[in-house]
Amino acid sequence: MNVRIESGWKALLEQEFERPYFLTLTERIRHEYGGIHPIYPPGRLIFRALDLCPPDQVRVVILGQDPYHEPGQAEGLAFSVPDGIRVPPSLRNILQEVQQDMGKASQIRGGHLLPWVRQGVLLLNATLTVRGGMAGSHQGLGWETFTDRIIEIINRQRRHVVFMLWGSYARRKAAMINPSEHLILEAPHPSPLSAHRGFFGCRHFSKANQYLVKNGMLPIEW
């Protein structure tokens with residue numbers, strides 16, 4: 001699987017890696033990657049969101065549910081797809097809201113969100129792996145406990161982080177976040193099924209930038 005994880009996160013999560021649930025999770029995931037089903041993303045990209053956004057650089061957290069489950073889509077970053085892959089509907093709606101909110105087109109060309117990540121946007125899925133063609137297939141294996149721990153670490157160790165929680169699943173995580181230390185932005189999920197019920201018009205991107213600037217940080221170039 002060739003799994004790797006950034007050194008700052010590795011130090012913060014070291015004890016988590018030794019907990020019984022994570023050892024069981026690791027065994028199950030290794031079995032899945034060695035089985036008959038394709039598993040996404042590739043093993044080396046499981047912790048990519050953490051690798052590319054060290055803990056001391058996190059300014060915004062966008063929480064997804066689980067990776068894309070079709071070939072070539074999942075790249076270890078919530079909502080993002082590699083260059084050359086067709087933009088999925090939810091991401092298309094996200095970029096549409098950026099344009100409506102900011103009054104100009106997003107800097108993102110295609111669906112690869114690395115420019116956001118490089119500015120301190122952690123694109124974290126609650127579940128970090130999935131079987132090909134089977135959405136949600138790795139939910140309940142233990143990933144949620146692990147990614148909840150990441151949210152808890154950010155909540156405790158960082159200040160003035162913007163959390164964008166879209167959809168009922170992500171919005172449940174608000175209970176883990178201190179609203180006096182961070183900005184919590186909630187909206188319906190950007191999928192075509194729910195975007196018109198309040199995601200469009202939520203203006204999360206300008207609200208995030210206003211909060212960051214108010215607290216002495218540079219805005220995100222969305």
# chains A, B, ... in the order shown; residues from 1 in each chain; ligands from 1
call {"tool": "closest_atom_pairs", "arguments": {"of": "range 62-117 of chain A", "to": "range 26-47 of chain A", "cutoff": "10 Å", "atoms": "only C-alpha atoms", "output": "CSV"}}
result
residue,atom,partner,partner_atom,distance
A:Asp66,CA,A:Tyr40,CA,9.9
A:Pro67,CA,A:Tyr40,CA,7.1
A:Tyr68,CA,A:Tyr40,CA,7.6
A:His69,CA,A:Tyr40,CA,6.5
A:Glu70,CA,A:Tyr40,CA,8.2
A:Pro71,CA,A:Tyr40,CA,8.0
A:Gly72,CA,A:Pro41,CA,8.5
A:Gln73,CA,A:Pro41,CA,8.1
A:Ala74,CA,A:Pro41,CA,5.0
A:Glu75,CA,A:Pro41,CA,5.6
A:Gly76,CA,A:Leu45,CA,5.2
A:Leu77,CA,A:Leu45,CA,8.7
call {"tool": "write_last_selection", "arguments": {"atoms": "N, CA and C atoms", "output": "PDB file, in the first residue's frame"}}
result
ATOM      1  N   ASP A  66     -17.034  10.473   2.077  1.00  0.00           N
ATOM      2  CA  ASP A  66     -16.067   9.431   1.712  1.00  0.00           C
ATOM      3  C   ASP A  66     -15.574   9.695   0.296  1.00  0.00           C
ATOM      4  N   PRO A  67     -14.509   9.006  -0.131  1.00  0.00           N
ATOM      5  CA  PRO A  67     -13.912   9.308  -1.437  1.00  0.00           C
ATOM      6  C   PRO A  67     -14.847   8.986  -2.598  1.00  0.00           C
ATOM      7  N   TYR A  68     -14.563   9.625  -3.732  1.00  0.00           N
ATOM      8  CA  TYR A  68     -15.249   9.227  -4.965  1.00  0.00           C
ATOM      9  C   TYR A  68     -14.965   7.755  -5.230  1.00  0.00           C
ATOM     10  N   HIS A  69     -15.947   7.051  -5.805  1.00  0.00           N
ATOM     11  CA  HIS A  69     -15.817   5.599  -5.930  1.00  0.00           C
ATOM     12  C   HIS A  69     -15.724   5.112  -7.370  1.00  0.00           C
ATOM     13  N   GLU A  70     -15.544   6.038  -8.324  1.00  0.00           N
ATOM     14  CA  GLU A  70     -15.377   5.636  -9.716  1.00  0.00           C
ATOM     15  C   GLU A  70     -13.892   5.717 -10.119  1.00  0.00           C
ATOM     16  N   PRO A  71     -13.467   4.954 -11.121  1.00  0.00           N
ATOM     17  CA  PRO A  71     -12.048   4.908 -11.499  1.00  0.00           C
ATOM     18  C   PRO A  71     -11.487   6.289 -11.809  1.00  0.00           C
ATOM     19  N   GLY A  72     -10.313   6.566 -11.272  1.00  0.00           N
ATOM     20  CA  GLY A  72      -9.578   7.777 -11.595  1.00  0.00           C
ATOM     21  C   GLY A  72      -9.988   9.016 -10.839  1.00  0.00           C
ATOM     22  N   GLN A  73     -11.065   8.952 -10.055  1.00  0.00           N
ATOM     23  CA  GLN A  73     -11.562  10.157  -9.396  1.00  0.00           C
ATOM     24  C   GLN A  73     -10.873  10.465  -8.072  1.00  0.00           C
ATOM     25  N   ALA A  74     -10.807   9.480  -7.189  1.00  0.00           N
ATOM     26  CA  ALA A  74     -10.339   9.733  -5.821  1.00  0.00           C
ATOM     27  C   ALA A  74      -8.839  10.011  -5.791  1.00  0.00           C
ATOM     28  N   GLU A  75      -8.466  11.085  -5.118  1.00  0.00           N
ATOM     29  CA  GLU A  75      -7.048  11.421  -5.009  1.00  0.00           C
ATOM     30  C   GLU A  75      -6.663  11.820  -3.581  1.00  0.00           C
ATOM     31  N   GLY A  76      -7.473  11.413  -2.610  1.00  0.00           N
ATOM     32  CA  GLY A  76      -7.136  11.655  -1.219  1.00  0.00           C
ATOM     33  C   GLY A  76      -7.489  13.033  -0.704  1.00  0.00           C
ATOM     34  N   LEU A  77      -8.207  13.822  -1.497  1.00  0.00           N
ATOM     35  CA  LEU A  77      -8.632  15.168  -1.103  1.00  0.00           C
ATOM     36  C   LEU A  77     -10.142  15.254  -1.282  1.00  0.00           C
TER      37      LEU A  77
END
call {"tool": "closest_atom_pairs", "arguments": {"of": "range 29-78 of chain A", "to": "range 183-205 of chain A", "cutoff": "12 Å", "atoms": "only C-alpha atoms", "output": "JSON lines"}}
result
{"residue": "A:Arg59", "atom": "CA", "partner": "A:Leu183", "partner_atom": "CA", "distance": 10.4}
{"residue": "A:Val60", "atom": "CA", "partner": "A:Leu183", "partner_atom": "CA", "distance": 9.3}
{"residue": "A:Val61", "atom": "CA", "partner": "A:Ile184", "partner_atom": "CA", "distance": 9.8}
{"residue": "A:Ile62", "atom": "CA", "partner": "A:Leu185", "partner_atom": "CA", "distance": 9.9}
{"residue": "A:Leu63", "atom": "CA", "partner": "A:His189", "partner_atom": "CA", "distance": 10.6}
{"residue": "A:Gly64", "atom": "CA", "partner": "A:His189", "partner_atom": "CA", "distance": 9.4}
{"residue": "A:Gln65", "atom": "CA", "partner": "A:His189", "partner_atom": "CA", "distance": 10.4}
call {"tool": "residues_around", "arguments": {"residues": "Leu25 in chain A", "least_positions_apart": "4", "cutoff": "12 Å", "atoms": "only C-alpha atoms", "output": "ChimeraX atom specification"}}
result
/A:16-21,29-32,127-129,138-146
call {"tool": "atom_distance", "arguments": {"atom1": "CA of Gly111 in chain A", "atom2": "CA of Ile94 in chain A"}}
result
10.3 Å
call {"tool": "select_by_dssp", "arguments": {"residues": "range 9-204 of chain A", "states": "helix (DSSP H, G or I)", "output": "number ranges by chain"}}
result
A: 9-12, 14-17, 20-33, 43-45, 48-52, 55-57, 89-102, 114-117, 143-157, 167-176, 195-197, 204
call {"tool": "closest_residue", "arguments": {"among": "A:His182, A:Arg171, A:Arg149, A:Arg159", "to": "Phe22 in chain A", "atoms": "only C-alpha atoms"}}
result
A:Arg149
call {"tool": "select_by_dssp", "arguments": {"residues": "range 11-155 of chain A", "states": "strand (DSSP E or B)", "output": "ChimeraX atom specification"}}
result
/A:39-40,60-64,121-125,130-131,134
call {"tool": "write_last_selection", "arguments": {"atoms": "N, CA, C and O atoms", "output": "short mmCIF file (atom, residue, chain, number, x, y, z; two decimals), in the first residue's frame"}}
result
data_model
loop_
_atom_site.label_atom_id
_atom_site.label_comp_id
_atom_site.auth_asym_id
_atom_site.auth_seq_id
_atom_site.Cartn_x
_atom_site.Cartn_y
_atom_site.Cartn_z
N ILE A 39 -9.96 -0.60 -4.71
CA ILE A 39 -10.15 0.27 -3.56
C ILE A 39 -9.57 1.63 -3.89
O ILE A 39 -8.46 1.73 -4.45
N TYR A 40 -10.29 2.67 -3.56
CA TYR A 40 -9.86 4.04 -3.85
C TYR A 40 -9.73 4.83 -2.55
O TYR A 40 -10.48 4.59 -1.61
N VAL A 60 -8.57 26.47 7.05
CA VAL A 60 -9.95 26.12 6.70
C VAL A 60 -10.05 24.60 6.63
O VAL A 60 -9.14 23.95 6.12
N VAL A 61 -11.15 24.06 7.14
CA VAL A 61 -11.43 22.63 7.01
C VAL A 61 -12.73 22.47 6.23
O VAL A 61 -13.76 23.03 6.62
N ILE A 62 -12.67 21.74 5.12
CA ILE A 62 -13.88 21.37 4.38
C ILE A 62 -14.03 19.85 4.53
O ILE A 62 -13.13 19.10 4.15
N LEU A 63 -15.14 19.44 5.12
CA LEU A 63 -15.32 18.03 5.46
C LEU A 63 -16.22 17.34 4.46
O LEU A 63 -17.37 17.74 4.25
N GLY A 64 -15.70 16.28 3.83
CA GLY A 64 -16.49 15.42 2.97
C GLY A 64 -16.86 14.14 3.71
O GLY A 64 -16.47 13.94 4.86
N VAL A 121 -6.09 24.91 3.25
CA VAL A 121 -7.44 24.34 3.26
C VAL A 121 -7.32 22.82 3.36
O VAL A 121 -6.81 22.17 2.44
N LEU A 122 -7.75 22.27 4.48
CA LEU A 122 -7.71 20.82 4.70
C LEU A 122 -8.98 20.21 4.12
O LEU A 122 -10.08 20.47 4.61
N LEU A 123 -8.83 19.40 3.09
CA LEU A 123 -9.96 18.75 2.42
C LEU A 123 -10.06 17.33 2.95
O LEU A 123 -9.51 16.38 2.38
N LEU A 124 -10.77 17.18 4.04
CA LEU A 124 -10.77 15.93 4.81
C LEU A 124 -12.06 15.16 4.62
O LEU A 124 -13.15 15.67 4.91
N ASN A 125 -11.96 13.93 4.15
CA ASN A 125 -13.10 13.03 4.15
C ASN A 125 -13.20 12.33 5.50
O ASN A 125 -12.19 11.99 6.11
N VAL A 130 -12.67 3.62 0.05
CA VAL A 130 -13.97 3.13 -0.43
C VAL A 130 -13.74 2.04 -1.47
O VAL A 130 -12.73 2.05 -2.18
N ARG A 131 -14.67 1.10 -1.57
CA ARG A 131 -14.63 0.12 -2.65
C ARG A 131 -15.11 0.75 -3.94
O ARG A 131 -16.04 1.56 -3.93
N MET A 134 -18.97 1.41 -4.98
CA MET A 134 -19.80 1.13 -3.80
C MET A 134 -19.67 2.27 -2.81
O MET A 134 -18.89 2.21 -1.86
#
call {"tool": "atom_distance", "arguments": {"atom1": "CA of Val213 in chain A", "atom2": "CA of Val162 in chain A"}}
result
11.7 Å
call {"tool": "residues_around", "arguments": {"residues": "Met176 in chain A", "least_positions_apart": "2", "cutoff": "12 Å", "atoms": "only C-alpha atoms", "output": "short mmCIF file (atom, residue, chain, number, x, y, z; two decimals) with all heavy atoms, in the first residue's frame"}}
result
data_model
loop_
_atom_site.label_atom_id
_atom_site.label_comp_id
_atom_site.auth_asym_id
_atom_site.auth_seq_id
_atom_site.Cartn_x
_atom_site.Cartn_y
_atom_site.Cartn_z
N THR A 147 -10.85 10.24 11.98
CA THR A 147 -10.98 11.61 11.46
C THR A 147 -11.65 12.53 12.48
O THR A 147 -11.38 13.74 12.49
CB THR A 147 -11.72 11.63 10.12
OG1 THR A 147 -12.98 10.94 10.24
CG2 THR A 147 -10.88 10.96 9.04
N ASP A 148 -12.49 11.99 13.36
CA ASP A 148 -13.00 12.80 14.47
C ASP A 148 -11.86 13.27 15.35
O ASP A 148 -11.86 14.40 15.85
CB ASP A 148 -14.00 12.01 15.31
CG ASP A 148 -15.39 11.96 14.71
OD1 ASP A 148 -15.61 12.59 13.65
OD2 ASP A 148 -16.27 11.29 15.30
N ARG A 149 -10.89 12.41 15.54
CA ARG A 149 -9.72 12.78 16.34
C ARG A 149 -8.96 13.93 15.69
O ARG A 149 -8.47 14.84 16.38
CB ARG A 149 -8.80 11.56 16.50
CG ARG A 149 -7.54 11.82 17.30
CD ARG A 149 -7.85 12.22 18.72
NE ARG A 149 -6.62 12.41 19.47
CZ ARG A 149 -6.48 13.28 20.46
NH1 ARG A 149 -7.50 14.05 20.82
NH2 ARG A 149 -5.34 13.37 21.10
N ILE A 150 -8.86 13.92 14.37
CA ILE A 150 -8.20 15.02 13.66
C ILE A 150 -8.94 16.33 13.91
O ILE A 150 -8.32 17.36 14.18
CB ILE A 150 -8.12 14.70 12.15
CG1 ILE A 150 -7.18 13.51 11.92
CG2 ILE A 150 -7.65 15.92 11.36
CD1 ILE A 150 -7.24 12.94 10.52
N ILE A 151 -10.27 16.29 13.82
CA ILE A 151 -11.06 17.49 14.08
C ILE A 151 -10.84 17.96 15.51
O ILE A 151 -10.69 19.17 15.78
CB ILE A 151 -12.55 17.21 13.82
CG1 ILE A 151 -12.78 16.92 12.33
CG2 ILE A 151 -13.41 18.39 14.26
CD1 ILE A 151 -14.16 16.42 12.01
N GLU A 152 -10.80 17.04 16.46
CA GLU A 152 -10.57 17.39 17.86
C GLU A 152 -9.22 18.05 18.06
O GLU A 152 -9.08 19.02 18.81
CB GLU A 152 -10.68 16.14 18.73
CG GLU A 152 -12.10 15.59 18.85
CD GLU A 152 -12.13 14.23 19.50
OE1 GLU A 152 -11.05 13.68 19.83
OE2 GLU A 152 -13.24 13.68 19.69
N ILE A 153 -8.21 17.55 17.37
CA ILE A 153 -6.86 18.13 17.48
C ILE A 153 -6.85 19.55 16.94
O ILE A 153 -6.29 20.46 17.57
CB ILE A 153 -5.85 17.25 16.73
CG1 ILE A 153 -5.60 15.94 17.50
CG2 ILE A 153 -4.53 17.99 16.51
CD1 ILE A 153 -4.78 14.93 16.73
N ILE A 154 -7.46 19.76 15.79
CA ILE A 154 -7.51 21.11 15.23
C ILE A 154 -8.28 22.04 16.16
O ILE A 154 -7.86 23.18 16.41
CB ILE A 154 -8.15 21.08 13.83
CG1 ILE A 154 -7.29 20.27 12.86
CG2 ILE A 154 -8.34 22.50 13.29
CD1 ILE A 154 -7.96 19.98 11.53
N ASN A 155 -9.40 21.57 16.66
CA ASN A 155 -10.21 22.38 17.57
C ASN A 155 -9.42 22.80 18.79
O ASN A 155 -9.51 23.95 19.24
CB ASN A 155 -11.45 21.59 17.98
CG ASN A 155 -12.28 22.32 19.01
OD1 ASN A 155 -12.82 23.39 18.75
ND2 ASN A 155 -12.38 21.76 20.21
N ARG A 156 -8.62 21.90 19.32
CA ARG A 156 -7.90 22.16 20.57
C ARG A 156 -6.61 22.95 20.36
O ARG A 156 -6.27 23.82 21.16
CB ARG A 156 -7.59 20.84 21.27
CG ARG A 156 -7.01 21.00 22.67
CD ARG A 156 -6.68 19.67 23.31
NE ARG A 156 -5.54 19.03 22.66
CZ ARG A 156 -5.61 17.92 21.95
NH1 ARG A 156 -6.77 17.33 21.75
NH2 ARG A 156 -4.54 17.40 21.40
N PHE A 163 -14.47 26.14 9.74
CA PHE A 163 -14.97 24.80 9.44
C PHE A 163 -16.20 24.93 8.55
O PHE A 163 -17.20 25.52 8.94
CB PHE A 163 -15.34 24.06 10.72
CG PHE A 163 -14.18 23.65 11.57
CD1 PHE A 163 -13.61 24.53 12.48
CD2 PHE A 163 -13.64 22.37 11.47
CE1 PHE A 163 -12.54 24.17 13.26
CE2 PHE A 163 -12.57 21.99 12.25
CZ PHE A 163 -12.00 22.89 13.16
N LEU A 165 -19.12 22.96 7.00
CA LEU A 165 -19.82 21.71 7.21
C LEU A 165 -21.05 21.69 6.32
O LEU A 165 -22.02 22.41 6.57
CB LEU A 165 -20.22 21.58 8.69
CG LEU A 165 -19.08 21.77 9.71
CD1 LEU A 165 -19.61 21.64 11.13
CD2 LEU A 165 -17.95 20.77 9.46
N ALA A 170 -21.92 16.07 7.85
CA ALA A 170 -20.85 16.97 8.27
C ALA A 170 -21.32 17.89 9.39
O ALA A 170 -20.55 18.20 10.32
CB ALA A 170 -20.36 17.78 7.08
N ARG A 171 -22.56 18.32 9.35
CA ARG A 171 -23.05 19.28 10.32
C ARG A 171 -23.10 18.70 11.73
O ARG A 171 -23.03 19.44 12.72
CB ARG A 171 -24.42 19.82 9.89
CG ARG A 171 -24.33 20.63 8.60
CD ARG A 171 -25.67 21.01 8.03
NE ARG A 171 -26.24 22.18 8.70
CZ ARG A 171 -27.27 22.85 8.19
NH1 ARG A 171 -27.83 22.47 7.06
NH2 ARG A 171 -27.73 23.89 8.84
N ARG A 172 -23.18 17.38 11.83
CA ARG A 172 -23.15 16.76 13.16
C ARG A 172 -21.80 16.98 13.85
O ARG A 172 -21.71 16.90 15.07
CB ARG A 172 -23.45 15.26 13.05
CG ARG A 172 -24.91 14.97 12.72
CD ARG A 172 -25.27 13.53 13.03
NE ARG A 172 -24.60 12.59 12.16
CZ ARG A 172 -25.10 12.14 11.01
NH1 ARG A 172 -26.28 12.59 10.58
NH2 ARG A 172 -24.44 11.27 10.27
N LYS A 173 -20.77 17.27 13.07
CA LYS A 173 -19.44 17.48 13.65
C LYS A 173 -19.33 18.83 14.36
O LYS A 173 -18.36 19.07 15.08
CB LYS A 173 -18.37 17.40 12.56
CG LYS A 173 -18.41 16.14 11.70
CD LYS A 173 -18.11 14.90 12.49
CE LYS A 173 -18.09 13.67 11.58
NZ LYS A 173 -17.79 12.42 12.30
N ALA A 174 -20.31 19.70 14.18
CA ALA A 174 -20.26 21.02 14.82
C ALA A 174 -20.18 20.90 16.33
O ALA A 174 -19.59 21.76 17.00
CB ALA A 174 -21.48 21.84 14.42
N ASN A 178 -15.37 24.29 19.09
CA ASN A 178 -15.62 25.41 20.00
C ASN A 178 -15.95 26.66 19.18
O ASN A 178 -15.06 27.23 18.55
CB ASN A 178 -14.40 25.64 20.88
CG ASN A 178 -14.61 26.74 21.90
OD1 ASN A 178 -15.59 27.49 21.85
ND2 ASN A 178 -13.70 26.86 22.85
N PRO A 179 -17.20 27.13 19.21
CA PRO A 179 -17.56 28.28 18.38
C PRO A 179 -16.96 29.60 18.84
O PRO A 179 -16.97 30.57 18.09
CB PRO A 179 -19.10 28.30 18.47
CG PRO A 179 -19.40 27.65 19.78
CD PRO A 179 -18.34 26.60 19.97
N GLU A 181 -13.79 29.87 19.55
CA GLU A 181 -12.42 29.85 19.05
C GLU A 181 -12.33 29.73 17.54
O GLU A 181 -11.30 30.04 16.94
CB GLU A 181 -11.64 28.69 19.68
CG GLU A 181 -11.41 28.81 21.18
CD GLU A 181 -10.35 29.83 21.51
OE1 GLU A 181 -9.58 30.22 20.61
OE2 GLU A 181 -10.27 30.25 22.68
N HIS A 182 -13.40 29.27 16.91
CA HIS A 182 -13.39 28.98 15.48
C HIS A 182 -14.69 29.47 14.85
O HIS A 182 -15.67 29.76 15.55
CB HIS A 182 -13.22 27.48 15.24
CG HIS A 182 -12.05 26.88 15.93
ND1 HIS A 182 -10.75 27.07 15.49
CD2 HIS A 182 -11.96 26.09 17.05
CE1 HIS A 182 -9.92 26.43 16.30
NE2 HIS A 182 -10.62 25.83 17.24
N ILE A 184 -17.77 28.33 12.51
CA ILE A 184 -18.48 27.17 11.98
C ILE A 184 -19.50 27.65 10.96
O ILE A 184 -20.39 28.44 11.28
CB ILE A 184 -19.19 26.39 13.11
CG1 ILE A 184 -18.19 25.97 14.19
CG2 ILE A 184 -19.92 25.17 12.54
CD1 ILE A 184 -18.85 25.41 15.44
#
call {"tool": "closest_residue", "arguments": {"among": "A:Ala105, A:Val58, A:Leu95, A:Leu113", "to": "Ala78 in chain A", "atoms": "only C-alpha atoms"}}
result
A:Leu113
call {"tool": "atom_distance", "arguments": {"atom1": "CA of Pro89 in chain A", "atom2": "CA of Ala49 in chain A"}}
result
21.0 Å
call {"tool": "residues_around", "arguments": {"residues": "range 4-6 of chain A", "least_positions_apart": "2", "cutoff": "8 Å", "atoms": "only C-alpha atoms", "output": "list in words"}}
result
Asn2, Gly8, Trp9, Lys10, Arg44, Leu45, Phe47, Arg48, Leu50, Asp51, Leu52 and Pro54 of chain A
call {"tool": "write_last_selection", "arguments": {"atoms": "N, CA, C and O atoms", "output": "short mmCIF file (atom, residue, chain, number, x, y, z; two decimals), in the first residue's frame"}}
result
data_model
loop_
_atom_site.label_atom_id
_atom_site.label_comp_id
_atom_site.auth_asym_id
_atom_site.auth_seq_id
_atom_site.Cartn_x
_atom_site.Cartn_y
_atom_site.Cartn_z
N ASN A 2 2.08 1.18 0.54
CA ASN A 2 3.01 2.31 0.52
C ASN A 2 2.39 3.56 1.17
O ASN A 2 2.46 4.67 0.63
N GLY A 8 4.31 16.10 11.03
CA GLY A 8 3.59 16.82 12.08
C GLY A 8 2.33 16.09 12.51
O GLY A 8 2.06 15.93 13.71
N TRP A 9 1.56 15.62 11.54
CA TRP A 9 0.37 14.84 11.87
C TRP A 9 0.75 13.51 12.50
O TRP A 9 0.06 13.04 13.41
N LYS A 10 1.81 12.91 12.02
CA LYS A 10 2.23 11.62 12.57
C LYS A 10 2.52 11.73 14.05
O LYS A 10 2.13 10.88 14.85
N ARG A 44 -1.08 4.91 -1.39
CA ARG A 44 -0.13 5.99 -1.08
C ARG A 44 -0.82 7.35 -0.91
O ARG A 44 -0.20 8.29 -0.40
N LEU A 45 -2.11 7.43 -1.30
CA LEU A 45 -2.83 8.70 -1.21
C LEU A 45 -3.86 8.74 -0.08
O LEU A 45 -4.58 9.73 0.06
N PHE A 47 -3.67 9.24 3.09
CA PHE A 47 -3.49 10.37 4.01
C PHE A 47 -3.04 11.64 3.29
O PHE A 47 -2.44 12.52 3.90
N ARG A 48 -3.35 11.74 2.02
CA ARG A 48 -2.83 12.87 1.24
C ARG A 48 -3.32 14.22 1.77
O ARG A 48 -2.58 15.20 1.75
N LEU A 50 -3.72 15.11 4.75
CA LEU A 50 -2.84 15.47 5.85
C LEU A 50 -1.43 15.76 5.35
O LEU A 50 -0.78 16.71 5.82
N ASP A 51 -0.95 14.97 4.41
CA ASP A 51 0.40 15.17 3.87
C ASP A 51 0.59 16.56 3.30
O ASP A 51 1.64 17.18 3.46
N LEU A 52 -0.43 17.06 2.62
CA LEU A 52 -0.30 18.33 1.91
C LEU A 52 -0.70 19.54 2.75
O LEU A 52 -0.50 20.68 2.33
N PRO A 54 -0.04 20.37 6.59
CA PRO A 54 0.44 20.11 7.95
C PRO A 54 -0.41 20.82 9.00
O PRO A 54 -1.06 21.84 8.70
#
call {"tool": "residues_around", "arguments": {"residues": "Leu114 in chain A", "least_positions_apart": "2", "cutoff": "9 Å", "atoms": "only C-alpha atoms", "output": "number ranges by chain"}}
result
A: 52, 77, 80, 108, 112, 116-119
call {"tool": "write_last_selection", "arguments": {"atoms": "C-alpha atoms", "output": "short mmCIF file (atom, residue, chain, number, x, y, z; two decimals), in the first residue's frame"}}
result
data_model
loop_
_atom_site.label_atom_id
_atom_site.label_comp_id
_atom_site.auth_asym_id
_atom_site.auth_seq_id
_atom_site.Cartn_x
_atom_site.Cartn_y
_atom_site.Cartn_z
CA LEU A 52 -0.30 18.33 1.91
CA LEU A 77 -8.63 15.17 -1.10
CA SER A 80 -11.19 17.12 -5.54
CA ILE A 108 -9.58 26.31 -10.01
CA HIS A 112 -8.11 19.62 -8.93
CA TRP A 116 -6.71 25.61 -2.11
CA VAL A 117 -4.77 23.01 -0.13
CA ARG A 118 -1.54 24.95 -0.58
CA GLN A 119 -3.20 27.89 1.17
#
call {"tool": "decode", "arguments": {"residues": "range 169-188 of chain A", "atoms": "C-alpha atoms", "output": "PDB file, in the first residue's frame"}}
result
ATOM      1  CA  TYR A 169     -23.479  14.221   8.126  1.00  0.00           C
ATOM      2  CA  ALA A 170     -20.850  16.965   8.274  1.00  0.00           C
ATOM      3  CA  ARG A 171     -23.051  19.284  10.325  1.00  0.00           C
ATOM      4  CA  ARG A 172     -23.147  16.759  13.156  1.00  0.00           C
ATOM      5  CA  LYS A 173     -19.439  17.477  13.651  1.00  0.00           C
ATOM      6  CA  ALA A 174     -20.262  21.019  14.822  1.00  0.00           C
ATOM      7  CA  ALA A 175     -20.727  19.649  18.343  1.00  0.00           C
ATOM      8  CA  MET A 176     -16.978  18.881  18.422  1.00  0.00           C
ATOM      9  CA  ILE A 177     -15.919  22.450  17.612  1.00  0.00           C
ATOM     10  CA  ASN A 178     -15.624  25.410  19.998  1.00  0.00           C
ATOM     11  CA  PRO A 179     -17.564  28.277  18.376  1.00  0.00           C
ATOM     12  CA  SER A 180     -15.779  30.863  20.517  1.00  0.00           C
ATOM     13  CA  GLU A 181     -12.418  29.850  19.051  1.00  0.00           C
ATOM     14  CA  HIS A 182     -13.394  28.984  15.480  1.00  0.00           C
ATOM     15  CA  LEU A 183     -15.916  29.861  12.769  1.00  0.00           C
ATOM     16  CA  ILE A 184     -18.479  27.166  11.982  1.00  0.00           C
ATOM     17  CA  LEU A 185     -20.265  27.539   8.638  1.00  0.00           C
ATOM     18  CA  GLU A 186     -23.140  25.136   7.952  1.00  0.00           C
ATOM     19  CA  ALA A 187     -25.194  24.564   4.807  1.00  0.00           C
ATOM     20  CA  PRO A 188     -26.941  21.788   2.872  1.00  0.00           C
TER      21      PRO A 188
END
